[in-house]
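What follows is a set of notes on a single structure, which appears directly below.
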Amino acid sequence: MAAPCMPLPLVLLVVVAALLAAAPLSTSAVTAGAFDVRRHLSTVTRYDVARGSNTVSSTPSISDECRVIHLNLVARHGTRAPTKKRIKELDRLAVRLKALINEAKQGTESDSMKKIPSWIKGWESPWKGRVKGGELVSEGEEELHNLAIRVKERFQGLFDEEYHPDVYSIRATQVPRASASAVAFGLGLLSGKGKLGPGKNRAFSVLSESRASDICLRFFDSCETYKDYRKRKEPDVERQKEPILEHVTSALVNRYHLNFTMQDVSSLWFLCKQEASLLNTTNQACQLFNEAEVYFLEWTDDLEGFVLKGYGESINYRMGLPLLKDVVQSMEEAIIAKEENHPDGTYEKARLRFAHAETVVPFSCLLGLFLEGSDFEKIQLEESLDIPPMPPQGRNWKGSVVAPFAGNNMLALYQCPGKIDGSKISRDQKSSYFVQVLHNEAPVSMPGCGNKDFCPFEEFKEKIVEPHLKHDYDALCKIRPMAREEPSSFSSKMSNFFLGLFSQKGYHVSAQNVKTEL
């Protein structure tokens, strides 16, 4: 189900040029209020900004007689520092800007230097000299900590039980920013529940699997079919982005009289996103671009996410089947516990997961979120989807909403008395059970459930889950049968330690091809 390519980049360039030329050049008011570049940073958007611009919510329709009995959370890690690879890119940008300034000084136009923003002269990367990166920053800790507090307040009663890891399961990938996000969330969730320190905190368990076997939260690591698709498709995506980068580069060269290349502009756009998100600075790199250029650069980022992580190809999200099955299984176990009158404290009430954009985006697609019009029927039939509409057209697929830092999906399972609203009851159940999906804490309508935000559980399984179950992860991803490791906080770390030790000694150790992770 490949996303259609743009076979005529020259024609697209003409269209982009016309749209950009017709767009306003100032940071004046736009339809949703005053323009704020921090709302247009795709997946580098801070969570509080993303929540403020979330337009996918619908009016909750939950009866007062219903009560939540289980919660699934799939969350991306919070705001993080640039990765080591990106830090090097910014170091190269500093060298490049210095060279451009020197070149401009030697030019024949006397007023050229006046057009160059003062911050560029002598600019150095805020992360200069750092040899490591990608860690969760303090703002990211706050995002997850505050999310936990709001979750506890929203689902009052669900977290009243004394903490036990089998009742409140917290899981994370082995990437430090994900596990640190789990810890920040756990501190917020369990504050006041223990005896440690002034905040009366308590210890809690965070489980993780090794990267090689974690097919619930890092399914993309083990899926050879996906890695082949991504390697094949990345050059196509770059070609699709090229016309916009080419035009923006030309505009910046004319505006500032510096001989920028497309690589320079790509790095400056990345710098803008880092400054705005991490440093709350919008008057340097971001101010190089006008409003229209920001909209189009944001679209190129969203296009990349759509094609390489989202609906661009069915393997992107079908490889998330183990996670979907895990979510449904946890809800089925909670229903059985309720139907058999198990006492509180003897069954799981929440399964809380912390991972990456590469986890959250496919999971959102499996649920059928952020589609246009009749697209849900198309993905059920495995038909191709059009790429997101270009500005100035509106679109549902925006990285700033789909997977910002700390972006999340919650599936709340409700128990309602008797059979209500025409819901189906299986196995002679005494109650009705419903699923509510929340994206970034806002209830969302589910296309597979008649655009309702409160879906009968059996209908949720039949209409949304079961069409995906005709596929098998191992078959989709060309996985050879092998024993899978149980989640373990300690053994998985020891496994990684010895793998690293053998690598240092010169032994060959197979490693996963790690792309830029979000």
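In the structure tokens, chains take letters A, B, ... by order of appearance, with residues numbered from 1 within each chain and ligands from 1 in the order shown.
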Quiz prompt | Residue set, segment 60-113 of chain A restricted to strand (DSSP E or B), as a VMD selection string | solution = chain A and resid 67 to 76 80
Quiz prompt | Nearby residues (only C-alpha atoms) at most 9 Å from Arg39 of chain A, same-chain spacing under 4 positions excluded, as a ChimeraX atom specification | solution = /A:35,45-46,49-50,52-53,400
Quiz item: Which polymer residues have any atom within 10 Å of an atom of segment 118-134 of chain A, counting only C-alpha atoms, with same-chain residues fewer than 4 positions away left out, as a PyMOL selection string?
Solution: chain A and resi 79-95+97-98+100-102+113-114+175-177+271+274-275+279+283-285+517-518
Got time to write the residues from that selection, C-alpha atoms, as an mmCIF file, in the first residue's frame?
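Generated output (again.cif):
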```cif
data_model
loop_
_atom_site.group_PDB
_atom_site.id
_atom_site.type_symbol
_atom_site.label_atom_id
_atom_site.label_comp_id
_atom_site.auth_asym_id
_atom_site.auth_seq_id
_atom_site.Cartn_x
_atom_site.Cartn_y
_atom_site.Cartn_z
ATOM 1 C CA THR A 79 11.240 16.295 25.457
ATOM 2 C CA ARG A 80 14.821 15.232 24.867
ATOM 3 C CA ALA A 81 18.150 16.785 23.965
ATOM 4 C CA PRO A 82 19.456 16.498 20.393
ATOM 5 C CA THR A 83 21.044 13.146 19.616
ATOM 6 C CA LYS A 84 24.810 12.804 19.206
ATOM 7 C CA LYS A 85 24.404 12.711 15.410
ATOM 8 C CA ARG A 86 22.379 15.929 15.432
ATOM 9 C CA ILE A 87 24.823 17.669 17.775
ATOM 10 C CA LYS A 88 27.548 17.030 15.200
ATOM 11 C CA GLU A 89 25.286 18.451 12.493
ATOM 12 C CA LEU A 90 24.874 21.672 14.487
ATOM 13 C CA ASP A 91 28.644 21.871 14.997
ATOM 14 C CA ARG A 92 29.084 21.634 11.224
ATOM 15 C CA LEU A 93 26.424 24.319 10.789
ATOM 16 C CA ALA A 94 28.422 26.698 13.024
ATOM 17 C CA VAL A 95 31.491 26.196 10.828
ATOM 18 C CA LEU A 97 27.802 29.911 8.966
ATOM 19 C CA LYS A 98 31.218 31.317 9.820
ATOM 20 C CA LEU A 100 29.311 32.239 4.789
ATOM 21 C CA ILE A 101 29.890 35.357 6.892
ATOM 22 C CA ASN A 102 33.520 35.541 5.767
ATOM 23 C CA MET A 113 26.308 42.607 5.838
ATOM 24 C CA LYS A 114 23.388 44.765 6.969
ATOM 25 C CA VAL A 175 16.479 3.449 25.583
ATOM 26 C CA PRO A 176 17.317 5.685 28.589
ATOM 27 C CA ARG A 177 14.970 8.565 27.638
ATOM 28 C CA LEU A 271 18.076 24.407 14.664
ATOM 29 C CA GLN A 274 15.533 22.694 18.726
ATOM 30 C CA GLU A 275 15.733 26.322 19.847
ATOM 31 C CA LEU A 279 15.230 26.733 24.702
ATOM 32 C CA ASN A 283 13.806 35.033 17.500
ATOM 33 C CA GLN A 284 16.929 33.466 15.966
ATOM 34 C CA ALA A 285 16.863 30.537 13.520
ATOM 35 C CA GLU A 517 14.771 7.714 16.646
ATOM 36 C CA LEU A 518 12.189 10.131 17.840
#
```
Practice problem: Could you jot down the atom CA of Cys416 of chain A to atom CA of Leu147 of chain A separation for me, Å, one decimal place? | Solution: 26.3 Å
Quiz item: So, counting only C-alpha atoms, which residue among A:Leu144, A:Val37, A:Cys272, A:Ala212 is closest to Ala406 of chain A?
Solution: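 Counting only C-alpha atoms, the residue closest to Ala406 of chain A is A:Leu144.
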Practice problem: Return the single residue from A:Met319, A:Glu65, A:Glu313, A:Phe306 that is closest to Pro389 of chain A, with distances computed using only C-alpha atoms. | Solution: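 Among the listed residues, A:Phe306 lies closest to Pro389 of chain A.
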Exercise. Work out how far atom CA of Tyr317 of chain A is from atom CA of Glu458 of chain A, in Å to one decimal.
Key: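 The value is 22.0 Å.
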Exercise. Would you mind telling me which residue in A:Val465, A:Leu278, A:Met446, A:Leu187 lies nearest to Leu321 of chain A when using only C-alpha atoms?
Key: A:Val465
Practice problem: Do a neighbour search on Lys478 of chain A at 12 Å with only C-alpha atoms, toss out local chain neighbours closer than 6 positions, and write the hits as a list in words. | Solution: Ser222, Cys223, Glu224, Thr225, Tyr226, Lys227, Asp228, Ile315, Met319 and Asp472 of chain A
Quiz item: Could you write out, as a PyMOL selection string, all the residues of segment 208-418 of chain A that DSSP marks as alpha helix (DSSP H)?
Solution: chain A and resi 219-222+224-256+262-274+291-308+314-318+321-339+357-366+375-380+399-402
Quiz item: Distance atom CA of Tyr414 of chain A-atom CA of Leu367 of chain A, one decimal place?
Solution: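 Answer for the atom CA of Tyr414 of chain A to atom CA of Leu367 of chain A separation: 17.9 Å.
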Quiz prompt | Shell around Asp264 of chain A at 9 Å using only C-alpha atoms, local window under 2 positions removed, as a VMD selection string | solution = chain A and resid 93 96 to 97 249 260 to 262 266 to 269
Selected residues written out, N, CA and C atoms, as a PDB file, in the first residue's frame:
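Everything below was put into result_33.pdb:
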```
ATOM      1  N   LEU A  93      27.153  23.116  11.185  1.00  0.00           N
ATOM      2  CA  LEU A  93      26.424  24.319  10.789  1.00  0.00           C
ATOM      3  C   LEU A  93      27.152  25.572  11.275  1.00  0.00           C
ATOM      4  N   ARG A  96      29.941  26.243   8.993  1.00  0.00           N
ATOM      5  CA  ARG A  96      29.413  26.684   7.710  1.00  0.00           C
ATOM      6  C   ARG A  96      28.954  28.145   7.761  1.00  0.00           C
ATOM      7  N   LEU A  97      28.269  28.531   8.841  1.00  0.00           N
ATOM      8  CA  LEU A  97      27.802  29.911   8.966  1.00  0.00           C
ATOM      9  C   LEU A  97      28.979  30.881   9.040  1.00  0.00           C
ATOM     10  N   THR A 249      15.313  27.740   0.084  1.00  0.00           N
ATOM     11  CA  THR A 249      16.733  28.099  -0.005  1.00  0.00           C
ATOM     12  C   THR A 249      16.916  29.336  -0.885  1.00  0.00           C
ATOM     13  N   PHE A 260      23.346  30.223   0.953  1.00  0.00           N
ATOM     14  CA  PHE A 260      22.876  29.005   1.601  1.00  0.00           C
ATOM     15  C   PHE A 260      22.693  27.888   0.581  1.00  0.00           C
ATOM     16  N   THR A 261      22.970  26.658   1.002  1.00  0.00           N
ATOM     17  CA  THR A 261      22.623  25.465   0.231  1.00  0.00           C
ATOM     18  C   THR A 261      21.363  24.846   0.848  1.00  0.00           C
ATOM     19  N   MET A 262      20.796  23.851   0.162  1.00  0.00           N
ATOM     20  CA  MET A 262      19.623  23.175   0.731  1.00  0.00           C
ATOM     21  C   MET A 262      19.980  22.466   2.033  1.00  0.00           C
ATOM     22  N   SER A 266      18.157  23.005   5.591  1.00  0.00           N
ATOM     23  CA  SER A 266      17.659  21.863   6.361  1.00  0.00           C
ATOM     24  C   SER A 266      18.193  21.914   7.796  1.00  0.00           C
ATOM     25  N   SER A 267      19.484  22.227   7.944  1.00  0.00           N
ATOM     26  CA  SER A 267      20.084  22.309   9.281  1.00  0.00           C
ATOM     27  C   SER A 267      19.548  23.512  10.059  1.00  0.00           C
ATOM     28  N   LEU A 268      19.301  24.627   9.379  1.00  0.00           N
ATOM     29  CA  LEU A 268      18.740  25.809  10.046  1.00  0.00           C
ATOM     30  C   LEU A 268      17.315  25.548  10.519  1.00  0.00           C
ATOM     31  N   TRP A 269      16.551  24.799   9.735  1.00  0.00           N
ATOM     32  CA  TRP A 269      15.191  24.434  10.158  1.00  0.00           C
ATOM     33  C   TRP A 269      15.256  23.513  11.375  1.00  0.00           C
TER      34      TRP A 269
END
```
Quiz item: Using only C-alpha atoms, which residues sit within 9 Å of Trp397 of chain A once same-chain residues fewer than 6 positions away are excluded, as a PyMOL selection string?
Solution: chain A and resi 302-303+306+370-372+388-389
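Taking only C-alpha atoms into account, Cys365 of chain A lies nearest to A:Ile464 out of the set A:Leu288, A:Ile464, A:Val253, A:Val68.
By only C-alpha atoms, and with residues fewer than 2 positions from Val237 of chain A along its chain excluded, the set lying at most 9 Å from it is Cys5, Lys233, Glu234, Pro235, Arg239, Gln240, Lys241, Glu242, Thr300, Leu303, Glu304, Val307 and Leu308 of chain A.
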